[in-house]
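> Have a look at the structure that comes next, please.
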Amino acid sequence: MPQPKLATFPAIRGALRFYQIASVITGVMLLLLCAEMLVKYVLGYELFLGGSGGFLWFAPTVETATGHESTGDGVNLSLGILIAHGWFYVVYLFACFRVWSLMRWGFGRFITLALGGIVPLLSFFMEARVAREVKAYLAEREASESAAAQAPAAPTTPATEGTR
């Protein structure tokens, strides 16, 4: 499997930092989305901002033939959480792709990273694991490269005649 070039290490560090931030935001958004889904489909309410119910309030939903319909007015924060998570998941996928491509991992690793934005709590575990692995890899490669650069070069003088 090909290894990343030393020249890409600064880009890898930047991509890792972006991935870490995107992982945390995506994980929080996914937990909010799960909570919103529970409130909407189990309890039968949606969260609204403003409108007739005040600053923040829950409005009941009505089940119709086409699904659950809102009865509230104002800004539907439940729908906003859904949309925000969907768009930020695209940013998260870009962050995953960047780390994956710079590290030259296999495609299965990319799929595992992408699942972090779909499976609740997985992004937090993946973020910690990926950060630990990438940082350890970079440190190990840099140490081995600096050790190789500091090692004295073997003499390359031609063999002298009659030394047998």
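Note on naming: chains are A, B, ... as they come in the structure tokens, residues start from 1 per chain, ligands start from 1 in the order shown.
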Would you kindly return, as a ChimeraX atom specification, each protein, DNA or RNA residue with an atom no farther than 7 Å from any atom of Tyr92 (chain A), considering only C-alpha atoms and excluding same-chain residues fewer than 2 positions away?
/A:22-23,26,88-90,94-96
> Any chance you can output those residues with C-alpha atoms as a PDB file, in the first residue's frame?

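Contents of the output file selection_28.pdb:
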```pdb
ATOM      1  CA  ALA A  22     -16.272  18.410  11.436  1.00  0.00           C
ATOM      2  CA  SER A  23     -16.593  15.140  13.386  1.00  0.00           C
ATOM      3  CA  THR A  26     -21.571  16.308  12.884  1.00  0.00           C
ATOM      4  CA  PHE A  88     -23.142  19.609   7.348  1.00  0.00           C
ATOM      5  CA  TYR A  89     -22.891  15.895   6.608  1.00  0.00           C
ATOM      6  CA  VAL A  90     -21.706  16.908   3.137  1.00  0.00           C
ATOM      7  CA  PHE A  94     -15.414  16.238   2.383  1.00  0.00           C
ATOM      8  CA  ALA A  95     -13.311  16.235   5.579  1.00  0.00           C
ATOM      9  CA  CYS A  96     -13.315  12.420   5.591  1.00  0.00           C
TER      10      CYS A  96
END
```
> I'd like the neighbourhood of region 29-38 of chain A as a ChimeraX atom specification, where a residue qualifies if any of its atoms comes within 12 Å (using only C-alpha atoms), though same-chain residues fewer than 5 positions away should be ignored.
/A:22-24,43-48,58,68,76-89,92,115-124
> The selected residues should be written to file as a JSON list (two decimals), in the first residue's frame (atoms: C-alpha atoms).

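Written output follows (result31.json):
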```
[["chain", "number", "residue", "atom", "x", "y", "z"],
["A", 22, "ALA", "CA", -16.27, 18.41, 11.44],
["A", 23, "SER", "CA", -16.59, 15.14, 13.39],
["A", 24, "VAL", "CA", -17.60, 16.87, 16.60],
["A", 43, "LEU", "CA", -44.11, 12.21, 21.64],
["A", 44, "GLY", "CA", -45.81, 13.92, 18.68],
["A", 45, "TYR", "CA", -44.33, 17.43, 18.98],
["A", 46, "GLU", "CA", -42.11, 19.76, 16.95],
["A", 47, "LEU", "CA", -39.98, 22.64, 18.25],
["A", 48, "PHE", "CA", -40.75, 26.15, 17.00],
["A", 58, "PHE", "CA", -43.48, 22.73, 21.20],
["A", 68, "HIS", "CA", -46.89, 13.98, 10.37],
["A", 76, "ASN", "CA", -39.78, 25.16, 12.58],
["A", 77, "LEU", "CA", -36.53, 24.33, 14.43],
["A", 78, "SER", "CA", -37.16, 20.60, 14.06],
["A", 79, "LEU", "CA", -36.99, 20.96, 10.31],
["A", 80, "GLY", "CA", -34.01, 23.30, 10.66],
["A", 81, "ILE", "CA", -32.05, 20.65, 12.60],
["A", 82, "LEU", "CA", -32.81, 18.10, 9.90],
["A", 83, "ILE", "CA", -31.64, 20.40, 7.09],
["A", 84, "ALA", "CA", -28.55, 21.62, 8.97],
["A", 85, "HIS", "CA", -27.42, 18.06, 9.69],
["A", 86, "GLY", "CA", -27.92, 17.07, 6.06],
["A", 87, "TRP", "CA", -25.83, 19.93, 4.71],
["A", 88, "PHE", "CA", -23.14, 19.61, 7.35],
["A", 89, "TYR", "CA", -22.89, 15.90, 6.61],
["A", 92, "TYR", "CA", -18.11, 16.05, 7.01],
["A", 115, "LEU", "CA", -20.61, 6.07, 8.69],
["A", 116, "GLY", "CA", -19.53, 8.37, 11.53],
["A", 117, "GLY", "CA", -22.08, 10.92, 10.36],
["A", 118, "ILE", "CA", -24.91, 8.39, 10.15],
["A", 119, "VAL", "CA", -24.48, 6.15, 13.22],
["A", 120, "PRO", "CA", -25.08, 8.09, 16.47],
["A", 121, "LEU", "CA", -21.95, 8.56, 18.62],
["A", 122, "LEU", "CA", -19.68, 6.87, 16.05],
["A", 123, "SER", "CA", -18.17, 10.17, 14.87],
["A", 124, "PHE", "CA", -16.83, 10.84, 18.38]]
```
> May I have all residues of chain A that DSSP, computed from the backbone, assigns to strand (DSSP E or B), given as an MDAnalysis selection string?
chainID A and resid 45:49 56:64 67:70 75:76
> Quote the spacing between CA of Val75 (chain A) and CA of Tyr41 (chain A) in Å to one decimal place.
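Between CA of Val75 (chain A) and CA of Tyr41 (chain A) the gap works out to 18.9 Å.
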> Considering only C-alpha atoms, can you say which of A:Val42, A:Val134, A:Leu49, A:Ala128 comes closest to Glu63 (chain A)?
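When distances to Glu63 (chain A) are compared using only C-alpha atoms, the smallest one comes from A:Val42.
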> How many Å lie between CA of Val91 (chain A) and CA of Ala139 (chain A), rounded to one decimal?
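About the pair CA of Val91 (chain A) and CA of Ala139 (chain A): they are 27.4 Å apart.
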> Need to verify the contact set: Gly50 (chain A), 10 Å, only C-alpha atoms, exclusion of same-chain residues closer than 6 positions in sequence. Can you return it as a list in words?
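Here the qualifying residues turn out to be Leu56, Trp57, Gly72, Asp73, Gly74, Val75 and Asn76 of chain A.
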> Kindly export the residues of the current selection with C-alpha atoms, as a short mmCIF file (atom, residue, chain, number, x, y, z; two decimals), in the first residue's frame.

```
data_model
loop_
_atom_site.label_atom_id
_atom_site.label_comp_id
_atom_site.auth_asym_id
_atom_site.auth_seq_id
_atom_site.Cartn_x
_atom_site.Cartn_y
_atom_site.Cartn_z
CA LEU A 56 -39.38 28.56 22.02
CA TRP A 57 -42.30 26.20 22.15
CA GLY A 72 -47.34 25.34 14.80
CA ASP A 73 -46.46 28.68 13.32
CA GLY A 74 -43.13 30.43 13.43
CA VAL A 75 -39.75 28.96 12.48
CA ASN A 76 -39.78 25.16 12.58
#
```
> Between CA of Gly27 (chain A) and CA of Leu93 (chain A), what distance in Å does the model show, to one decimal?
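It comes out at 12.7 Å.
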> Extract the full set of alpha helix (DSSP H) residues from region 22-146 of chain A according to DSSP on the backbone, and format it as a PyMOL selection string.
chain A and resi 22-38+77-103+107-115+122-146
> Given only C-alpha atoms as the basis, pick out the residue of A:Arg104, A:Lys5, A:Arg13, A:Lys40 nearest to Ala136 (chain A).
A:Arg13
